[in-house]
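Source file start10.csv; content: CSV, C-alpha atoms and all ligand atoms.
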chain,number,residue,atom,x,y,z
O,75,GLU,CA,-15.2,14.0,11.9
O,76,ASP,CA,-14.7,11.3,14.5
O,77,SER,CA,-12.7,8.1,14.0
O,78,HIS,CA,-14.2,4.9,15.4
O,79,VAL,CA,-11.5,2.7,16.7
O,80,GLU,CA,-12.4,-0.5,18.5
O,81,VAL,CA,-9.9,-1.8,20.9
O,82,LEU,CA,-9.7,-5.6,21.2
O,83,PRO,CA,-7.5,-7.4,23.7
O,84,ILE,CA,-7.2,-10.7,21.9
O,85,ILE,CA,-8.4,-11.6,18.3
O,86,ASP,CA,-7.5,-14.1,15.6
O,87,SER,CA,-6.7,-11.3,13.1
O,88,THR,CA,-7.7,-7.7,13.1
O,89,ASN,CA,-8.2,-7.9,9.3
O,90,GLN,CA,-10.4,-11.0,9.7
O,91,TYR,CA,-12.4,-9.2,12.5
O,92,LEU,CA,-13.3,-6.4,10.2
O,93,LEU,CA,-14.0,-8.8,7.3
O,94,ASN,CA,-16.4,-10.6,9.5
O,95,ASN,CA,-18.3,-7.4,10.4
O,96,ILE,CA,-18.1,-5.6,7.1
O,97,GLU,CA,-21.9,-4.9,6.9
O,98,LYS,CA,-21.8,-2.9,10.1
O,99,LEU,CA,-18.8,-0.7,9.1
O,100,GLN,CA,-18.4,2.7,7.6
O,101,THR,CA,-15.4,3.9,5.6
O,102,GLY,CA,-12.6,4.7,8.0
O,103,ASP,CA,-13.8,2.5,10.9
O,104,SER,CA,-10.9,0.7,12.4
O,105,CYS,CA,-9.7,-1.6,15.2
O,106,VAL,CA,-6.6,-2.5,17.1
O,107,ALA,CA,-5.6,-5.5,19.1
O,108,GLU,CA,-3.1,-6.3,21.8
O,109,PHE,CA,-2.6,-9.8,20.5
O,110,GLN,CA,-3.5,-11.8,17.3
O,111,SER,CA,-3.5,-15.6,17.3
O,112,LYS,CA,-3.8,-15.9,13.5
O,113,ALA,CA,-2.3,-12.8,12.1
O,114,ARG,CA,-1.6,-13.0,8.5
O,115,GLY,CA,1.0,-11.4,6.2
O,116,ARG,CA,1.0,-11.2,2.4
O,117,ARG,CA,1.3,-14.2,0.1
O,118,GLY,CA,-0.4,-16.5,2.7
O,119,ARG,CA,2.4,-16.0,5.2
O,120,GLN,CA,2.0,-15.8,9.0
O,121,TRP,CA,2.7,-12.5,10.8
O,122,PHE,CA,4.3,-12.7,14.3
O,123,ALA,CA,2.0,-10.9,16.6
O,124,PRO,CA,3.1,-11.2,20.3
O,125,PHE,CA,1.1,-9.7,23.2
O,126,GLY,CA,1.3,-6.0,23.8
O,127,SER,CA,4.6,-5.1,22.2
O,128,ASN,CA,3.6,-3.9,18.7
O,129,LEU,CA,0.9,-2.2,16.7
O,130,TYR,CA,-1.8,-4.3,15.0
O,131,PHE,CA,-4.2,-2.0,13.2
O,132,SER,CA,-6.9,-2.5,10.6
O,133,MET,CA,-9.3,-0.1,8.8
O,134,TYR,CA,-12.2,-0.6,6.5
O,135,TRP,CA,-12.4,1.4,3.3
O,136,ARG,CA,-15.0,1.5,0.6
O,137,LEU,CA,-13.2,2.0,-2.7
O,138,ASP,CA,-15.6,3.6,-5.2
O,139,GLN,CA,-13.1,3.2,-8.0
O,140,GLY,CA,-13.2,-0.6,-7.6
O,141,ILE,CA,-10.5,-3.1,-7.1
O,142,ALA,CA,-8.2,-1.7,-9.8
O,143,ALA,CA,-7.4,1.1,-7.4
O,144,ALA,CA,-6.3,-1.2,-4.6
O,145,MET,CA,-2.6,-1.1,-5.6
O,146,GLY,CA,-2.5,2.7,-5.5
O,147,LEU,CA,-4.4,2.7,-2.2
O,148,SER,CA,-1.9,0.3,-0.6
O,149,LEU,CA,1.0,2.5,-1.7
O,150,VAL,CA,-0.7,5.6,-0.2
O,151,VAL,CA,-1.1,3.6,3.0
O,152,GLY,CA,2.7,3.1,3.0
O,153,ILE,CA,3.4,6.8,2.5
O,154,VAL,CA,1.0,7.8,5.3
O,155,MET,CA,2.4,5.2,7.7
O,156,ALA,CA,6.0,6.3,7.0
O,157,ASP,CA,5.2,10.0,7.5
O,158,THR,CA,3.2,9.3,10.6
O,159,LEU,CA,5.8,7.0,12.2
O,160,ARG,CA,8.5,9.6,11.4
O,161,GLU,CA,6.4,12.4,13.0
O,162,ILE,CA,5.9,10.4,16.2
O,163,SER,CA,9.5,8.9,16.5
O,164,GLY,CA,11.7,11.4,14.7
O,165,GLN,CA,13.3,8.4,12.8
O,166,ASP,CA,14.0,8.2,9.1
O,167,ILE,CA,11.3,5.7,8.1
O,168,LYS,CA,11.3,4.5,4.4
O,169,VAL,CA,8.9,2.7,2.1
O,170,LYS,CA,9.7,-0.5,0.2
O,171,TRP,CA,7.6,-1.3,-2.9
O,172,PRO,CA,4.9,-2.4,-2.7
O,173,ASN,CA,3.9,-2.7,0.9
O,174,ASP,CA,6.6,-2.6,3.6
O,175,LEU,CA,8.1,0.1,5.8
O,176,TYR,CA,11.9,0.1,6.4
O,177,LEU,CA,14.2,1.5,9.0
O,178,ASP,CA,17.9,1.3,8.5
O,179,ASP,CA,17.5,-1.2,5.6
O,180,GLN,CA,15.4,-3.5,7.9
O,181,LYS,CA,11.7,-4.3,7.8
O,182,LEU,CA,9.8,-2.3,10.4
O,183,ALA,CA,6.2,-2.9,9.3
O,184,GLY,CA,4.0,-4.7,6.8
O,185,ILE,CA,0.8,-3.7,5.1
O,186,LEU,CA,-1.9,-6.2,3.9
O,187,VAL,CA,-4.9,-5.0,1.9
O,188,GLU,CA,-7.6,-7.6,1.5
O,189,LEU,CA,-10.8,-7.5,-0.6
O,190,ALA,CA,-14.0,-8.1,1.4
O,191,GLY,CA,-16.3,-8.1,-1.6
O,192,LYS,CA,-17.9,-5.9,-4.2
O,193,THR,CA,-21.2,-4.1,-4.7
O,194,GLY,CA,-21.5,-2.9,-8.3
O,195,ASP,CA,-18.3,-1.0,-9.2
O,196,CYS,CA,-17.2,-0.4,-5.6
O,197,ALA,CA,-14.8,-2.7,-3.7
O,198,HIS,CA,-14.8,-3.1,0.0
O,199,VAL,CA,-11.3,-3.5,1.3
O,200,VAL,CA,-9.7,-4.0,4.7
O,201,ILE,CA,-6.3,-2.4,5.2
O,202,GLY,CA,-4.1,-4.1,7.8
O,203,VAL,CA,-0.9,-2.7,9.3
O,204,GLY,CA,1.6,-4.4,11.6
O,205,VAL,CA,4.4,-2.2,13.1
O,206,ASN,CA,7.2,-3.6,15.2
O,207,LEU,CA,7.6,-1.4,18.3
O,208,MET,CA,9.1,-3.4,21.2
O,209,MET,CA,9.4,-6.8,19.7
O,210,THR,CA,11.8,-9.3,21.4
O,211,ASN,CA,12.9,-12.8,20.2
O,212,PRO,CA,10.6,-13.2,17.2
O,213,ASP,CA,9.9,-16.8,16.1
O,214,PRO,CA,12.6,-17.4,13.4
O,215,ASN,CA,10.2,-19.6,11.5
O,216,ILE,CA,7.9,-16.6,11.0
O,217,VAL,CA,10.3,-13.7,11.0
O,218,ASN,CA,13.0,-14.7,8.5
O,219,GLN,CA,14.5,-11.4,7.4
O,220,LYS,CA,16.3,-8.5,9.0
O,221,TRP,CA,13.8,-6.6,11.1
O,222,ALA,CA,13.7,-3.4,13.1
O,223,ASN,CA,11.7,-1.9,16.1
O,224,LEU,CA,10.5,1.6,16.2
O,225,GLY,CA,11.0,1.7,20.0
O,226,LYS,CA,8.6,2.9,22.7
O,227,VAL,CA,5.9,5.2,21.6
O,228,ASP,CA,2.5,6.3,22.9
O,229,ARG,CA,0.4,3.8,21.1
O,230,ASN,CA,-2.9,5.7,21.7
O,231,LEU,CA,-1.4,8.8,20.1
O,232,LEU,CA,0.0,6.6,17.3
O,233,VAL,CA,-3.4,5.0,16.5
O,234,ALA,CA,-5.2,8.4,16.6
O,235,LYS,CA,-2.7,9.9,14.2
O,236,VAL,CA,-2.7,6.9,11.9
O,237,ALA,CA,-6.5,6.8,11.7
O,238,LYS,CA,-6.8,10.5,11.1
O,239,ASN,CA,-4.0,10.7,8.5
O,240,LEU,CA,-5.2,7.6,6.6
O,241,LYS,CA,-8.7,9.0,6.2
O,242,THR,CA,-7.4,12.4,5.0
O,243,LYS,CA,-4.9,11.0,2.5
O,244,LEU,CA,-7.1,8.1,1.2
O,245,ARG,CA,-9.8,10.7,0.4
O,246,ASP,CA,-7.1,12.7,-1.6
O,247,PHE,CA,-6.2,9.5,-3.4
O,248,GLU,CA,-9.8,8.8,-4.3
O,249,GLN,CA,-10.2,12.3,-5.8
O,250,HIS,CA,-6.8,12.7,-7.5
O,251,GLY,CA,-5.3,9.2,-7.8
O,252,LEU,CA,-1.6,8.4,-7.2
O,253,THR,CA,-0.2,11.4,-9.1
O,254,PRO,CA,0.0,13.9,-6.2
O,255,PHE,CA,1.7,11.1,-4.1
O,256,LEU,CA,4.6,10.4,-6.6
O,257,ASN,CA,6.9,13.0,-5.0
O,258,ASP,CA,6.2,11.6,-1.5
O,259,TRP,CA,7.0,8.2,-2.7
O,260,GLN,CA,10.3,9.4,-4.3
O,261,ARG,CA,11.2,11.1,-1.1
O,262,LEU,CA,10.5,8.0,1.1
O,263,ASP,CA,11.6,5.2,-1.3
O,264,ASN,CA,14.3,3.1,0.5
O,265,PHE,CA,15.5,1.7,-2.8
O,266,VAL,CA,15.5,4.6,-5.3
O,267,ASN,CA,18.7,4.7,-7.4
O,268,ARG,CA,20.0,1.6,-5.7
O,269,PRO,CA,20.9,-1.7,-7.5
O,270,VAL,CA,18.1,-4.2,-6.8
O,271,LYS,CA,16.9,-7.6,-7.9
O,272,LEU,CA,13.2,-8.3,-8.5
O,273,LEU,CA,12.0,-11.8,-7.9
O,274,ILE,CA,8.9,-12.7,-9.9
O,275,GLY,CA,8.1,-16.4,-9.3
O,276,ASP,CA,11.4,-18.1,-10.2
O,277,ASN,CA,12.6,-15.2,-12.4
O,278,VAL,CA,15.3,-12.8,-11.2
O,279,ILE,CA,15.4,-9.4,-12.9
O,280,ARG,CA,18.3,-7.1,-12.1
O,281,GLY,CA,18.2,-3.3,-12.4
O,282,VAL,CA,18.4,0.0,-10.7
O,283,ALA,CA,15.2,1.0,-8.8
O,284,LYS,CA,13.7,4.2,-10.2
O,285,GLY,CA,10.5,4.6,-8.0
O,286,ILE,CA,7.0,4.1,-9.3
O,287,ASN,CA,4.7,5.3,-12.1
O,288,GLU,CA,1.1,6.7,-11.9
O,289,GLN,CA,-0.3,3.1,-11.8
O,290,GLY,CA,1.9,2.2,-8.9
O,291,ALA,CA,4.1,-0.1,-10.9
O,292,LEU,CA,7.8,-0.5,-9.9
O,293,LEU,CA,10.2,1.2,-12.3
O,294,LEU,CA,13.5,-0.6,-13.0
O,295,GLU,CA,16.3,0.7,-15.2
O,296,GLN,CA,18.3,-1.8,-17.2
O,297,ASN,CA,20.9,-0.8,-19.8
O,298,GLY,CA,19.6,2.8,-19.9
O,299,GLU,CA,16.0,1.6,-20.5
O,300,THR,CA,13.3,2.0,-17.8
O,301,LYS,CA,10.6,-0.7,-17.6
O,302,ALA,CA,7.5,-1.0,-15.3
O,303,PHE,CA,6.7,-4.1,-13.3
O,304,ILE,CA,3.4,-4.7,-11.5
O,305,GLY,CA,4.4,-7.7,-9.3
O,306,GLY,CA,7.3,-9.3,-7.5
O,307,GLU,CA,9.5,-8.8,-4.5
O,308,ILE,CA,12.6,-6.6,-4.5
O,309,SER,CA,15.8,-6.8,-2.5
O,310,LEU,CA,19.1,-5.0,-2.6
O,311,ARG,CA,21.9,-6.7,-4.6
O,312,SER,CA,25.7,-6.5,-4.5
O,313,ASP,CA,26.3,-8.3,-7.8
N,1,LIG,C1,3.2,-8.4,5.4
N,1,LIG,O1,4.3,-7.7,5.5
N,1,LIG,O2,3.3,-9.5,4.9
N,1,LIG,C2,1.9,-7.8,5.9
N,1,LIG,C3,1.7,-7.9,7.3
N,1,LIG,C4,0.4,-7.3,7.8
N,1,LIG,C5,0.2,-7.6,9.3
N,1,LIG,C6,-1.0,-6.9,9.9
N,1,LIG,S1,-1.1,-6.9,11.6
N,1,LIG,C7,-2.7,-6.2,11.6
N,1,LIG,C8,-3.4,-6.8,10.4
N,1,LIG,N1,-4.1,-8.1,10.7
N,1,LIG,C9,-3.6,-9.1,10.1
N,1,LIG,O3,-3.9,-10.3,10.3
N,1,LIG,N2,-2.5,-8.8,9.3
N,1,LIG,C10,-2.4,-7.3,9.4

Could you show the structure in this file as structure tokens?
Ligand code: BTN
Amino acid sequence: EDSHVEVLPIIDSTNQYLLNNIEKLQTGDSCVAEFQSKARGRRGRQWFAPFGSNLYFSMYWRLDQGIAAAMGLSLVVGIVMADTLREISGQDIKVKWPNDLYLDDQKLAGILVELAGKTGDCAHVVIGVGVNLMMTNPDPNIVNQKWANLGKVDRNLLVAKVAKNLKTKLRDFEQHGLTPFLNDWQRLDNFVNRPVKLLIGDNVIRGVAKGINEQGALLLEQNGETKAFIGGEISLRSD
């Protein structure tokens, strides 16, 4: 089955563009842009999206399981992106719970899943992915953590593979849930068995990362006990 990918030179945000046109879209329809003037990241943050140097990709997906499945969906997107970027570059790409890709302990890409609306039980979501390829001199006010580039790749080939693999794996996820992906996550997890701290609001929780459960929650081990957390941001710790 064909993938429809619209190529946009300049846009405010590829996610916003699909959100604006949601009625005309079918599951798996996607777009890419060369430049975004108002790219967004998670938690209301900006995303640095300079001209021509990176990948800015969005895909529409109709989630029949409803919004409760959005967490699992976004984790599957991370797995698919890590595997596809590894296939195309040969580099050891990792996932960071819940929604980042890492290369050499530095952020390579971010994933933003947004809800467009609901009809009955089904949720309409837009999946956005930004991957650093050849970024130079990012605005330090926007990019405020260690970051990595994938390097030069054939972006047409990359987009074609991403669109195809996402459609295949998201259908698997719709049929079988997250369970068949838990081994993939374990294999790709940048933090598994490493000491981390989890920031939830102003609270810091220390533990050893143990991957995720069937619901997509982060597993942290503390004093021999493993607990699941559904939100927050993790980072490595040395203390
Ligand atoms: C994050 O790490 O905070 C998520 C970043 C997501 C950025 C991508 S770029 C393509 C798509 N369009 C947007 O406006 N954001 C996402």

*Between CA of Arg119 in chain O and atom C9 of ligand LIG 1 (chain N), what is the distance, to one decimal in Å?*
10.4 Å

*Would you mind listing the residues within 9 Å of ligand LIG 1 (chain N), counting all atoms listed in the file, as an MDAnalysis selection string?*
chainID O and resid 86:91 106:107 110:123 129:132 173:175 181 183:187 200:205

Between range 147-208 of chain O and range 264-279 of chain O, at 7 Å or less, what are the per-residue closest atom pairs and their distances in Å? Count all atoms listed in the file, order by chain and rising residue number, and return it as a tab-separated table.
residue	atom	partner	partner_atom	distance
O:Lys168	CA	O:Asn264	CA	5.1
O:Val169	CA	O:Asn264	CA	5.6
O:Lys170	CA	O:Asn264	CA	5.8

Spatial neighbours of Gly140 in chain O, 7 Å, all atoms listed in the file, chain gap at least 5 places, as a PDB file with C-alpha atoms, in the coordinates of the input:
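Contents of the output file selection_31.pdb:
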ATOM      1  CA  ASP O 195     -18.300  -1.000  -9.200  1.00  0.00           C
ATOM      2  CA  CYS O 196     -17.200  -0.400  -5.600  1.00  0.00           C
ATOM      3  CA  ALA O 197     -14.800  -2.700  -3.700  1.00  0.00           C
TER       4      ALA O 197
END

*For Leu224 in chain O, which of O:Tyr176, O:Phe255, O:Trp171, O:Phe109 is the closest residue, counting only C-alpha atoms?*
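Of all the options, O:Tyr176 lies closest to Leu224 in chain O.
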
*9 Å contact set for Glu295 in chain O, only C-alpha atoms, chain neighbours under 4 positions out, as an MDAnalysis selection string*: chainID O and resid 280:284 299:302

*asked:* With 12 Å as the threshold, what does the neighbourhood of (-7.8, 12.6, 20.0) contain in terms of residues, counting all atoms listed in the file? Coordinates are those of the file; answer as a list in words.
replied: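 Using all atoms listed in the file, the matching residues come out as Glu75, Asp76, Ser77, His78, Val79, Asn230, Leu231, Leu232, Val233, Ala234, Lys235, Val236, Ala237 and Lys238 of chain O.
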
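Computed from the coordinates, the CA of Ile141 in chain O to CA of Ile308 in chain O distance equals 23.5 Å.
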
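Comparing the minimum interatomic distances between Trp259 in chain O and each of O:Gln100, O:Asn215, O:Asn287, O:Asn95, counting all atoms listed in the file, we find that O:Asn287 sits nearest.
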
*Residue nearest Asp179 in chain O among O:Asp103, O:Glu161, O:Asp263, O:Asp246 (counting all atoms listed in the file)*: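 Distance minimum relative to Asp179 in chain O lands on O:Asp263.
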
*For Thr253 in chain O, which of O:Ile286, O:Val217, O:Val151, O:Leu293 is the closest residue, counting all atoms listed in the file?*
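Ranking O:Ile286, O:Val217, O:Val151, O:Leu293 by distance to Thr253 in chain O, first place goes to O:Ile286.
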
*Would you work out the distance separating CA of Arg229 in chain O from CA of Gly164 in chain O, expressed in Å to one decimal?*
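Between CA of Arg229 in chain O and CA of Gly164 in chain O the gap works out to 15.0 Å.
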
*Sel. within 9 Å of pt (-14.1, 1.0, -4.7), counting all atoms listed in the file, output as a list in words*: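 Residues with an atom close enough to that point: Trp135, Arg136, Leu137, Asp138, Gln139, Gly140, Ile141, Ala142, Ala143, Ala144, Lys192, Thr193, Asp195, Cys196, Ala197, His198, Val199 and Glu248 of chain O.
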
If you keep C-alpha atoms, can you produce a file of those selected residues as an mmCIF file, in the coordinates of the input?
data_model
loop_
_atom_site.group_PDB
_atom_site.id
_atom_site.type_symbol
_atom_site.label_atom_id
_atom_site.label_comp_id
_atom_site.auth_asym_id
_atom_site.auth_seq_id
_atom_site.Cartn_x
_atom_site.Cartn_y
_atom_site.Cartn_z
ATOM 1 C CA TRP O 135 -12.400 1.400 3.300
ATOM 2 C CA ARG O 136 -15.000 1.500 0.600
ATOM 3 C CA LEU O 137 -13.200 2.000 -2.700
ATOM 4 C CA ASP O 138 -15.600 3.600 -5.200
ATOM 5 C CA GLN O 139 -13.100 3.200 -8.000
ATOM 6 C CA GLY O 140 -13.200 -0.600 -7.600
ATOM 7 C CA ILE O 141 -10.500 -3.100 -7.100
ATOM 8 C CA ALA O 142 -8.200 -1.700 -9.800
ATOM 9 C CA ALA O 143 -7.400 1.100 -7.400
ATOM 10 C CA ALA O 144 -6.300 -1.200 -4.600
ATOM 11 C CA LYS O 192 -17.900 -5.900 -4.200
ATOM 12 C CA THR O 193 -21.200 -4.100 -4.700
ATOM 13 C CA ASP O 195 -18.300 -1.000 -9.200
ATOM 14 C CA CYS O 196 -17.200 -0.400 -5.600
ATOM 15 C CA ALA O 197 -14.800 -2.700 -3.700
ATOM 16 C CA HIS O 198 -14.800 -3.100 0.000
ATOM 17 C CA VAL O 199 -11.300 -3.500 1.300
ATOM 18 C CA GLU O 248 -9.800 8.800 -4.300
#
